[in-house]
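K.L.:
Please find one structure pasted underneath; my questions will follow.
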Amino acid sequence: MVGHYGALALYVLFALFPLYWLLKISVTPNSLLYTEGITMWPSVTTWENYRFVLLQSDFPAFFKNSVIVSLGTAAIVTVLAAATGYAFSRFQFTGKTLVMFVLLLTQMFPLVMLIAPIFRLMVPLGLTDNLTGLIVVYVAFNTPFAAFLMQSFFDGIPRELEEAAMIDGCTRLTALRRVILPLTLPGMGATLGFVFTAAWSELLFALMLINSTDAMTFPVGLLTFVSKFSVDFGQMMAAGVLALVPACLFFAFIQRYLIQGLTAGAVKG
Amino acid sequence: MAAPEPAPARQRRLLSAILEPYLYISPALIIIGLVMFVPLIVGLSYAYREIQLLNPFSGGFVGLANFAQLYGDTRFWRALSNTAWWTFASVSLQFFFGLGLALLLNKSFPGKRLIQAVVFLPWAVPTFLSGLTWAWLFNPVVGPLPHWMSAIGLMDEPVNILSIPSVALWGPIIANVWWGIPFFAITLLAALQSIPNELHEAAAIDGATTWQRFVKVTLPFLAPMIAITVLLRTIWISNFADLIVVMTGGGPADSTQIVASYIFTQAYRRLDFGYASAVATALLALLLLYAVIVLRMRRSLLRAM
């Protein structure tokens, strides 16, 4: 038992230490960084870095852009995926195997190879350098995985429920709205959470498609900040801690569904 | 009530029954087709053209010139061998530590829920932030790792391993392992929990030791799940460029460049879309080859059983 807890303690330490360090540097005054060396906790702490990031930098705007993109993506994907997952779960139709295979395929080919063509195709459409373009791209990338996730939630609801409702005279749509939808709300919440986290983290396409500071998402903004002011460690890490907050909130929200989510999209990060 | 339906109405109902599922899936299919498959085809065609955004006179077809360049490009071959090492080291370490964690979590003990939430937390950290955090940990100015490594004699003086070509790739690998352990732990934990308890009990009654039970009961039961997870994860990680782009940008001197980050660099920094697409085509071909080999192996394994 002691060995068991000891081994778990090592895992906990390894998982938490980087995040602890991020937090620690973010509250360390810049002057102490160079004079105190490596300490577990600074002799003086400060909120100055957070004040700067929140009040004097572009980060609130980046934050807002990321929230818009992530929420927009998550909402649209959840609706599309619910419809697709419902069809996968409740219908046998010609071409179903093919469609599912194609969706699975999209999870396996390297998305990075789409960066150049998507950029070039989107310029004439006016979809580069704005949030709409990012949402369009993220919706397409996240829908296949979310559809399989939603399918697994629909599969968990017995068919008899809607069949009973349909025998009682409901149309399929009414049965869907009155019986199935309320039962699958937690599943839709989980899908929303997964997609939000994925969109919040996406970096490479945002780097390629977004140029102007106004439209930068948080990852792009933070990376730009890092390459420009690479000595302001405290400020960078304060921004990092702030980027962590929404991701952790959504993580807490989807914890119950982790296993379902990871097995539905077994290839998804 | 029982009056026979007129034929046209029945036909219409039949038609709508066939079309109904497509009504639900078509919005998703349309956007996926437009944003993923159209660019995929277009991108594959770029590989045979000269497309440099900085050069307004480019755009013509050049046949296989990009592939000829690729064949002679030492940076590409370097990236290819880096990809193999990056993928192998990341997947095997993630798997090994993930399995350990799953075994530890596969019993009930006080405080389990809290510990589980904490050890799974890295998975929730956005990848760019994982990369930045580990880059800072390796930085001797703010990070402790170089000081600790020099204290235990791993290096002569505290320096950033990300700037030493011979070991730089370990930086992103460690960040990747940290970030990816929960993924393996969660999937393997789910598989472990599906093993019927009776199997373990029967083995215990027959006098099997813990190790024998692990090797003879747990592992064979987990094997199919392990195989599929590792195979899919291998593909995903070999294409996973975020950590490398964030931590090293492929440097120093291409020592951490993998094929996926090389494609990104060609497209994003050099705006050479033609060449980037040629590299992407090569990567896709290699992945297809990998998939075919894996499927063949699976078939021959199934036949052997």
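How things are named: the first chain in the structure tokens is A, the next is B, and so on; residues count from 1 in each chain; ligands count from 1 in the order shown.
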Within 7 Å of chain B, which residues of chain A are there when counting only C-alpha atoms? Please give them as an MDAnalysis selection string.
P.N.:
chainID A and resid 4 11:12 15 18 22 33 38 80 83:84 87 91 93 108 110 112:114 116:118 137 140 143 201 203:204 208 219 240 244 247:248 251 259 262:263 266:267
K.L.:
Just the residues within 10 Å of A:Glu48, please, counting only C-alpha atoms, with nothing from its chain fewer than 3 positions along; format it as a list in words.
P.N.:
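The residues satisfying every condition are Ser26, Val27, Thr28, Pro29, Asn30, Thr45, Arg51, Phe52, Val53, Leu54, Gly234, Gln235 and Ala238 of chain A.
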K.L.:
Residues of the last selection are to be written out with N, CA, C and O atoms, as a PDB file, in the first residue's frame.
P.N.:
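Dumped everything to result-v5.pdb:
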ATOM      1  N   SER A  26       5.113  33.273 -12.396  1.00  0.00           N
ATOM      2  CA  SER A  26       4.177  34.357 -12.720  1.00  0.00           C
ATOM      3  C   SER A  26       3.971  35.308 -11.543  1.00  0.00           C
ATOM      4  O   SER A  26       3.569  36.445 -11.741  1.00  0.00           O
ATOM      5  N   VAL A  27       4.240  34.872 -10.312  1.00  0.00           N
ATOM      6  CA  VAL A  27       4.084  35.779  -9.172  1.00  0.00           C
ATOM      7  C   VAL A  27       5.433  36.248  -8.628  1.00  0.00           C
ATOM      8  O   VAL A  27       5.492  36.877  -7.577  1.00  0.00           O
ATOM      9  N   THR A  28       6.517  35.917  -9.340  1.00  0.00           N
ATOM     10  CA  THR A  28       7.849  36.359  -8.903  1.00  0.00           C
ATOM     11  C   THR A  28       8.181  37.705  -9.542  1.00  0.00           C
ATOM     12  O   THR A  28       8.034  37.855 -10.752  1.00  0.00           O
ATOM     13  N   PRO A  29       8.594  38.692  -8.748  1.00  0.00           N
ATOM     14  CA  PRO A  29       9.018  39.964  -9.346  1.00  0.00           C
ATOM     15  C   PRO A  29      10.221  39.731 -10.262  1.00  0.00           C
ATOM     16  O   PRO A  29      11.092  38.921  -9.945  1.00  0.00           O
ATOM     17  N   ASN A  30      10.239  40.449 -11.385  1.00  0.00           N
ATOM     18  CA  ASN A  30      11.293  40.225 -12.377  1.00  0.00           C
ATOM     19  C   ASN A  30      12.698  40.369 -11.800  1.00  0.00           C
ATOM     20  O   ASN A  30      13.601  39.633 -12.161  1.00  0.00           O
ATOM     21  N   THR A  45       6.240  38.012  -3.316  1.00  0.00           N
ATOM     22  CA  THR A  45       5.397  37.726  -4.482  1.00  0.00           C
ATOM     23  C   THR A  45       4.725  39.012  -4.955  1.00  0.00           C
ATOM     24  O   THR A  45       4.611  39.984  -4.205  1.00  0.00           O
ATOM     25  N   ARG A  51      -1.346  42.197 -13.470  1.00  0.00           N
ATOM     26  CA  ARG A  51      -1.888  43.527 -13.729  1.00  0.00           C
ATOM     27  C   ARG A  51      -1.505  43.978 -15.140  1.00  0.00           C
ATOM     28  O   ARG A  51      -2.330  44.446 -15.911  1.00  0.00           O
ATOM     29  N   PHE A  52      -0.228  43.786 -15.475  1.00  0.00           N
ATOM     30  CA  PHE A  52       0.239  44.194 -16.798  1.00  0.00           C
ATOM     31  C   PHE A  52      -0.509  43.446 -17.901  1.00  0.00           C
ATOM     32  O   PHE A  52      -1.027  44.047 -18.850  1.00  0.00           O
ATOM     33  N   VAL A  53      -0.578  42.118 -17.749  1.00  0.00           N
ATOM     34  CA  VAL A  53      -1.205  41.306 -18.800  1.00  0.00           C
ATOM     35  C   VAL A  53      -2.680  41.677 -18.983  1.00  0.00           C
ATOM     36  O   VAL A  53      -3.179  41.795 -20.098  1.00  0.00           O
ATOM     37  N   LEU A  54      -3.359  41.919 -17.873  1.00  0.00           N
ATOM     38  CA  LEU A  54      -4.794  42.185 -17.951  1.00  0.00           C
ATOM     39  C   LEU A  54      -5.109  43.614 -18.386  1.00  0.00           C
ATOM     40  O   LEU A  54      -6.115  43.862 -19.045  1.00  0.00           O
ATOM     41  N   GLY A 234       8.009  36.698 -16.340  1.00  0.00           N
ATOM     42  CA  GLY A 234       6.868  36.778 -15.434  1.00  0.00           C
ATOM     43  C   GLY A 234       5.584  37.065 -16.180  1.00  0.00           C
ATOM     44  O   GLY A 234       4.555  36.405 -15.970  1.00  0.00           O
ATOM     45  N   GLN A 235       5.649  38.022 -17.120  1.00  0.00           N
ATOM     46  CA  GLN A 235       4.444  38.385 -17.861  1.00  0.00           C
ATOM     47  C   GLN A 235       3.990  37.246 -18.765  1.00  0.00           C
ATOM     48  O   GLN A 235       2.795  36.942 -18.855  1.00  0.00           O
ATOM     49  N   ALA A 238       2.356  34.673 -16.591  1.00  0.00           N
ATOM     50  CA  ALA A 238       1.043  35.113 -16.118  1.00  0.00           C
ATOM     51  C   ALA A 238       0.015  34.904 -17.232  1.00  0.00           C
ATOM     52  O   ALA A 238      -1.090  34.405 -16.993  1.00  0.00           O
TER      53      ALA A 238
END
K.L.:
Just list the residues in stretch 154-209 of chain B DSSP gives helix (DSSP H, G or I) on the backbone, as a short mmCIF file (atom, residue, chain, number, x, y, z; two decimals) with N, CA and C atoms, in the first residue's frame.
P.N.:
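Saved result, selection_39.cif, follows:
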data_model
loop_
_atom_site.label_atom_id
_atom_site.label_comp_id
_atom_site.auth_asym_id
_atom_site.auth_seq_id
_atom_site.Cartn_x
_atom_site.Cartn_y
_atom_site.Cartn_z
N ILE B 161 19.12 22.35 -22.83
CA ILE B 161 19.32 21.21 -23.74
C ILE B 161 18.66 21.47 -25.10
N LEU B 162 17.70 22.41 -25.14
CA LEU B 162 17.04 22.70 -26.42
C LEU B 162 17.99 23.36 -27.41
N SER B 163 19.15 23.84 -26.92
CA SER B 163 20.08 24.48 -27.84
C SER B 163 21.28 23.59 -28.14
N TRP B 170 15.12 15.59 -27.18
CA TRP B 170 14.57 15.08 -25.92
C TRP B 170 13.64 16.08 -25.26
N GLY B 171 13.86 17.38 -25.50
CA GLY B 171 12.99 18.40 -24.90
C GLY B 171 11.54 18.20 -25.31
N PRO B 172 11.24 18.29 -26.63
CA PRO B 172 9.87 18.04 -27.06
C PRO B 172 9.37 16.64 -26.70
N ILE B 173 10.25 15.63 -26.71
CA ILE B 173 9.79 14.28 -26.37
C ILE B 173 9.29 14.25 -24.93
N ILE B 174 10.07 14.86 -24.00
CA ILE B 174 9.65 14.85 -22.60
C ILE B 174 8.33 15.61 -22.44
N ALA B 175 8.21 16.76 -23.10
CA ALA B 175 6.95 17.52 -23.02
C ALA B 175 5.80 16.67 -23.55
N ASN B 176 6.05 15.94 -24.63
CA ASN B 176 5.02 15.11 -25.24
C ASN B 176 4.61 13.96 -24.31
N VAL B 177 5.60 13.37 -23.64
CA VAL B 177 5.31 12.27 -22.71
C VAL B 177 4.46 12.81 -21.55
N TRP B 178 4.88 13.95 -21.01
CA TRP B 178 4.13 14.57 -19.91
C TRP B 178 2.68 14.79 -20.31
N TRP B 179 2.50 15.32 -21.52
CA TRP B 179 1.16 15.68 -21.98
C TRP B 179 0.33 14.44 -22.34
N GLY B 180 1.01 13.37 -22.82
CA GLY B 180 0.28 12.23 -23.40
C GLY B 180 0.05 11.05 -22.48
N ILE B 181 0.72 11.00 -21.32
CA ILE B 181 0.51 9.87 -20.40
C ILE B 181 -0.98 9.68 -20.08
N PRO B 182 -1.72 10.77 -19.74
CA PRO B 182 -3.13 10.59 -19.40
C PRO B 182 -3.93 9.90 -20.49
N PHE B 183 -3.62 10.21 -21.75
CA PHE B 183 -4.38 9.59 -22.84
C PHE B 183 -4.30 8.07 -22.76
N PHE B 184 -3.04 7.55 -22.65
CA PHE B 184 -2.88 6.11 -22.55
C PHE B 184 -3.48 5.58 -21.26
N ALA B 185 -3.27 6.30 -20.16
CA ALA B 185 -3.78 5.83 -18.87
C ALA B 185 -5.29 5.70 -18.93
N ILE B 186 -5.98 6.69 -19.51
CA ILE B 186 -7.44 6.67 -19.54
C ILE B 186 -7.95 5.51 -20.40
N THR B 187 -7.38 5.36 -21.60
CA THR B 187 -7.88 4.29 -22.48
C THR B 187 -7.56 2.92 -21.89
N LEU B 188 -6.35 2.75 -21.32
CA LEU B 188 -6.00 1.45 -20.76
C LEU B 188 -6.79 1.15 -19.51
N LEU B 189 -7.08 2.20 -18.72
CA LEU B 189 -7.89 2.01 -17.52
C LEU B 189 -9.28 1.49 -17.89
N ALA B 190 -9.84 2.06 -18.95
CA ALA B 190 -11.15 1.59 -19.41
C ALA B 190 -11.09 0.12 -19.79
N ALA B 191 -10.00 -0.28 -20.47
CA ALA B 191 -9.85 -1.67 -20.87
C ALA B 191 -9.67 -2.57 -19.65
N LEU B 192 -8.86 -2.11 -18.69
CA LEU B 192 -8.62 -2.90 -17.48
C LEU B 192 -9.92 -3.18 -16.74
N ASN B 197 -13.71 -9.89 -13.14
CA ASN B 197 -13.01 -10.16 -11.89
C ASN B 197 -12.76 -11.65 -11.67
N GLU B 198 -13.71 -12.47 -12.18
CA GLU B 198 -13.62 -13.91 -11.95
C GLU B 198 -12.29 -14.47 -12.45
N LEU B 199 -11.81 -13.90 -13.59
CA LEU B 199 -10.56 -14.40 -14.16
C LEU B 199 -9.43 -14.27 -13.16
N HIS B 200 -9.32 -13.07 -12.54
CA HIS B 200 -8.26 -12.86 -11.57
C HIS B 200 -8.44 -13.75 -10.36
N GLU B 201 -9.70 -13.86 -9.91
CA GLU B 201 -9.96 -14.68 -8.73
C GLU B 201 -9.59 -16.14 -8.98
N ALA B 202 -10.00 -16.64 -10.16
CA ALA B 202 -9.69 -18.03 -10.49
C ALA B 202 -8.18 -18.25 -10.51
N ALA B 203 -7.46 -17.29 -11.13
CA ALA B 203 -6.01 -17.42 -11.21
C ALA B 203 -5.40 -17.39 -9.81
N ALA B 204 -5.95 -16.52 -8.95
CA ALA B 204 -5.42 -16.41 -7.59
C ALA B 204 -5.64 -17.70 -6.82
N ILE B 205 -6.83 -18.29 -7.01
CA ILE B 205 -7.13 -19.55 -6.33
C ILE B 205 -6.16 -20.64 -6.78
#
K.L.:
In Å, with one decimal, what is the gap from atom CA of A:Ala74 to atom CA of A:Val241?
P.N.:
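Going from atom CA of A:Ala74 over to atom CA of A:Val241 covers 22.5 Å.
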K.L.:
What separation in Å, quoted to one decimal, exists between atom CA of A:Tyr138 and atom CA of A:Leu103?
P.N.:
14.9 Å
K.L.:
A:Gly187: which residues within 9 Å, counting only C-alpha atoms, same-chain residues fewer than 3 positions away excluded, as a CSV table (one decimal) with N, CA and C atoms, in the first residue's frame?
P.N.:
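Output (part24.csv):
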chain,number,residue,atom,x,y,z
A,149,LEU,N,-18.5,10.6,-31.2
A,149,LEU,CA,-18.8,10.7,-29.8
A,149,LEU,C,-20.3,10.8,-29.6
A,150,MET,N,-21.0,11.6,-30.4
A,150,MET,CA,-22.4,11.7,-30.2
A,150,MET,C,-23.1,10.4,-30.5
A,152,SER,N,-22.0,7.5,-29.9
A,152,SER,CA,-21.9,6.6,-28.7
A,152,SER,C,-22.9,7.0,-27.7
A,153,PHE,N,-23.2,8.3,-27.6
A,153,PHE,CA,-24.2,8.7,-26.6
A,153,PHE,C,-25.6,8.3,-27.0
A,154,PHE,N,-25.9,8.4,-28.4
A,154,PHE,CA,-27.2,8.0,-28.9
A,154,PHE,C,-27.4,6.5,-28.7
A,183,LEU,N,-32.6,13.4,-23.1
A,183,LEU,CA,-31.7,12.4,-22.5
A,183,LEU,C,-30.3,12.6,-22.9
A,184,THR,N,-30.1,13.2,-24.1
A,184,THR,CA,-28.7,13.3,-24.6
A,184,THR,C,-28.1,14.6,-24.3
A,190,ALA,N,-20.8,17.3,-23.1
A,190,ALA,CA,-19.5,16.7,-23.1
A,190,ALA,C,-18.9,17.0,-24.5
A,191,THR,N,-19.6,16.9,-25.6
A,191,THR,CA,-19.1,17.1,-26.9
A,191,THR,C,-18.7,18.6,-27.0
A,192,LEU,N,-19.5,19.5,-26.5
A,192,LEU,CA,-19.2,20.9,-26.4
A,192,LEU,C,-17.9,21.1,-25.7
A,257,TYR,N,-16.8,12.2,-18.8
A,257,TYR,CA,-17.0,11.6,-20.2
A,257,TYR,C,-15.7,11.3,-20.9
K.L.:
To one decimal place, how far is atom CA of A:Arg178 from atom CA of A:Gly156 in Å?
P.N.:
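Value for the atom CA of A:Arg178-atom CA of A:Gly156 distance: 16.9 Å.
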K.L.:
Considering only C-alpha atoms, can you say which of B:Ala227, B:Leu14, B:Ala208, B:Ala68 comes closest to B:Phe95?
P.N.:
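Once distances to B:Phe95 are computed over only C-alpha atoms, the minimum belongs to B:Ala227.
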K.L.:
Can you pull out the residues contacting A:Ala199? Cut-off 9 Å, using only C-alpha atoms, and skip same-chain residues under 4 positions away; I want them as a list of chain:residue names.
P.N.:
A:Ser66, A:Val69, A:Ser70, A:Leu71, A:Thr73, A:Ala74, A:Ile135, A:Tyr138, A:Val139, A:Asn142, A:Phe194, A:Val195, A:Leu203
K.L.:
What does the file look like for those residues with all heavy atoms, as an mmCIF file, in the first residue's frame?
P.N.:
data_model
loop_
_atom_site.group_PDB
_atom_site.id
_atom_site.type_symbol
_atom_site.label_atom_id
_atom_site.label_comp_id
_atom_site.auth_asym_id
_atom_site.auth_seq_id
_atom_site.Cartn_x
_atom_site.Cartn_y
_atom_site.Cartn_z
ATOM 1 N N SER A 66 -10.300 34.155 -28.710
ATOM 2 C CA SER A 66 -10.280 32.709 -28.501
ATOM 3 C C SER A 66 -11.618 32.201 -27.991
ATOM 4 O O SER A 66 -12.079 31.132 -28.397
ATOM 5 C CB SER A 66 -9.179 32.318 -27.510
ATOM 6 O OG SER A 66 -8.024 31.951 -28.202
ATOM 7 N N VAL A 69 -14.052 32.176 -30.970
ATOM 8 C CA VAL A 69 -13.762 31.079 -31.899
ATOM 9 C C VAL A 69 -14.120 29.731 -31.274
ATOM 10 O O VAL A 69 -14.791 28.899 -31.900
ATOM 11 C CB VAL A 69 -12.267 31.094 -32.308
ATOM 12 C CG1 VAL A 69 -11.905 29.830 -33.063
ATOM 13 C CG2 VAL A 69 -11.979 32.312 -33.162
ATOM 14 N N SER A 70 -13.703 29.519 -30.025
ATOM 15 C CA SER A 70 -13.912 28.208 -29.412
ATOM 16 C C SER A 70 -15.391 27.942 -29.158
ATOM 17 O O SER A 70 -15.887 26.844 -29.432
ATOM 18 C CB SER A 70 -13.138 28.096 -28.097
ATOM 19 O OG SER A 70 -11.798 28.446 -28.305
ATOM 20 N N LEU A 71 -16.106 28.947 -28.628
ATOM 21 C CA LEU A 71 -17.532 28.749 -28.372
ATOM 22 C C LEU A 71 -18.297 28.589 -29.678
ATOM 23 O O LEU A 71 -19.155 27.714 -29.797
ATOM 24 C CB LEU A 71 -18.108 29.920 -27.581
ATOM 25 C CG LEU A 71 -17.955 29.872 -26.057
ATOM 26 C CD1 LEU A 71 -18.663 31.056 -25.431
ATOM 27 C CD2 LEU A 71 -18.506 28.571 -25.503
ATOM 28 N N THR A 73 -17.166 27.504 -32.591
ATOM 29 C CA THR A 73 -16.860 26.186 -33.132
ATOM 30 C C THR A 73 -17.619 25.109 -32.373
ATOM 31 O O THR A 73 -18.276 24.252 -32.978
ATOM 32 C CB THR A 73 -15.350 25.901 -33.026
ATOM 33 O OG1 THR A 73 -14.641 26.972 -33.651
ATOM 34 C CG2 THR A 73 -14.996 24.600 -33.689
ATOM 35 N N ALA A 74 -17.533 25.156 -31.036
ATOM 36 C CA ALA A 74 -18.144 24.100 -30.223
ATOM 37 C C ALA A 74 -19.652 24.042 -30.465
ATOM 38 O O ALA A 74 -20.223 22.960 -30.608
ATOM 39 C CB ALA A 74 -17.838 24.333 -28.748
ATOM 40 N N ILE A 135 -13.218 29.662 -37.579
ATOM 41 C CA ILE A 135 -14.345 28.838 -37.127
ATOM 42 C C ILE A 135 -14.699 27.808 -38.195
ATOM 43 O O ILE A 135 -14.898 26.621 -37.900
ATOM 44 C CB ILE A 135 -15.567 29.721 -36.779
ATOM 45 C CG1 ILE A 135 -15.253 30.574 -35.552
ATOM 46 C CG2 ILE A 135 -16.794 28.861 -36.503
ATOM 47 C CD1 ILE A 135 -16.373 31.500 -35.115
ATOM 48 N N TYR A 138 -12.074 25.034 -38.114
ATOM 49 C CA TYR A 138 -12.153 24.216 -36.896
ATOM 50 C C TYR A 138 -13.413 23.354 -36.887
ATOM 51 O O TYR A 138 -13.391 22.228 -36.384
ATOM 52 C CB TYR A 138 -12.137 25.098 -35.641
ATOM 53 C CG TYR A 138 -10.817 25.786 -35.376
ATOM 54 C CD1 TYR A 138 -10.684 26.710 -34.354
ATOM 55 C CD2 TYR A 138 -9.705 25.517 -36.157
ATOM 56 C CE1 TYR A 138 -9.481 27.349 -34.100
ATOM 57 C CE2 TYR A 138 -8.500 26.150 -35.920
ATOM 58 C CZ TYR A 138 -8.397 27.072 -34.888
ATOM 59 O OH TYR A 138 -7.208 27.700 -34.644
ATOM 60 N N VAL A 139 -14.511 23.894 -37.410
ATOM 61 C CA VAL A 139 -15.753 23.112 -37.451
ATOM 62 C C VAL A 139 -15.523 21.840 -38.265
ATOM 63 O O VAL A 139 -15.843 20.728 -37.835
ATOM 64 C CB VAL A 139 -16.914 23.936 -38.048
ATOM 65 C CG1 VAL A 139 -18.071 23.025 -38.441
ATOM 66 C CG2 VAL A 139 -17.398 24.972 -37.039
ATOM 67 N N ASN A 142 -13.224 19.257 -36.423
ATOM 68 C CA ASN A 142 -13.698 18.634 -35.190
ATOM 69 C C ASN A 142 -14.976 17.827 -35.349
ATOM 70 O O ASN A 142 -15.322 17.044 -34.461
ATOM 71 C CB ASN A 142 -13.890 19.691 -34.109
ATOM 72 C CG ASN A 142 -12.563 20.177 -33.556
ATOM 73 O OD1 ASN A 142 -11.828 19.436 -32.941
ATOM 74 N ND2 ASN A 142 -12.231 21.427 -33.831
ATOM 75 N N PHE A 194 -15.355 18.940 -25.216
ATOM 76 C CA PHE A 194 -14.227 18.401 -25.978
ATOM 77 C C PHE A 194 -13.833 19.341 -27.114
ATOM 78 O O PHE A 194 -12.658 19.648 -27.317
ATOM 79 C CB PHE A 194 -14.591 17.033 -26.564
ATOM 80 C CG PHE A 194 -14.305 15.897 -25.637
ATOM 81 C CD1 PHE A 194 -15.315 15.292 -24.927
ATOM 82 C CD2 PHE A 194 -13.006 15.441 -25.467
ATOM 83 C CE1 PHE A 194 -15.052 14.246 -24.058
ATOM 84 C CE2 PHE A 194 -12.730 14.395 -24.604
ATOM 85 C CZ PHE A 194 -13.755 13.797 -23.898
ATOM 86 N N VAL A 195 -14.839 19.791 -27.863
ATOM 87 C CA VAL A 195 -14.539 20.621 -29.027
ATOM 88 C C VAL A 195 -13.991 21.983 -28.576
ATOM 89 O O VAL A 195 -13.065 22.516 -29.179
ATOM 90 C CB VAL A 195 -15.793 20.787 -29.907
ATOM 91 C CG1 VAL A 195 -15.505 21.692 -31.074
ATOM 92 C CG2 VAL A 195 -16.254 19.437 -30.391
ATOM 93 N N LEU A 203 -3.101 25.694 -32.763
ATOM 94 C CA LEU A 203 -2.073 26.712 -32.978
ATOM 95 C C LEU A 203 -1.685 26.896 -34.446
ATOM 96 O O LEU A 203 -1.703 28.018 -34.952
ATOM 97 C CB LEU A 203 -0.821 26.332 -32.177
ATOM 98 C CG LEU A 203 0.409 27.189 -32.452
ATOM 99 C CD1 LEU A 203 0.225 28.587 -31.922
ATOM 100 C CD2 LEU A 203 1.656 26.556 -31.859
#
K.L.:
Using only C-alpha atoms, which residue out of A:Thr128, A:Ala198, A:Phe59, A:Met40 lies closest to A:Phe141?
P.N.:
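Checking each of A:Thr128, A:Ala198, A:Phe59, A:Met40 against A:Phe141, counting only C-alpha atoms, the winner is A:Ala198.
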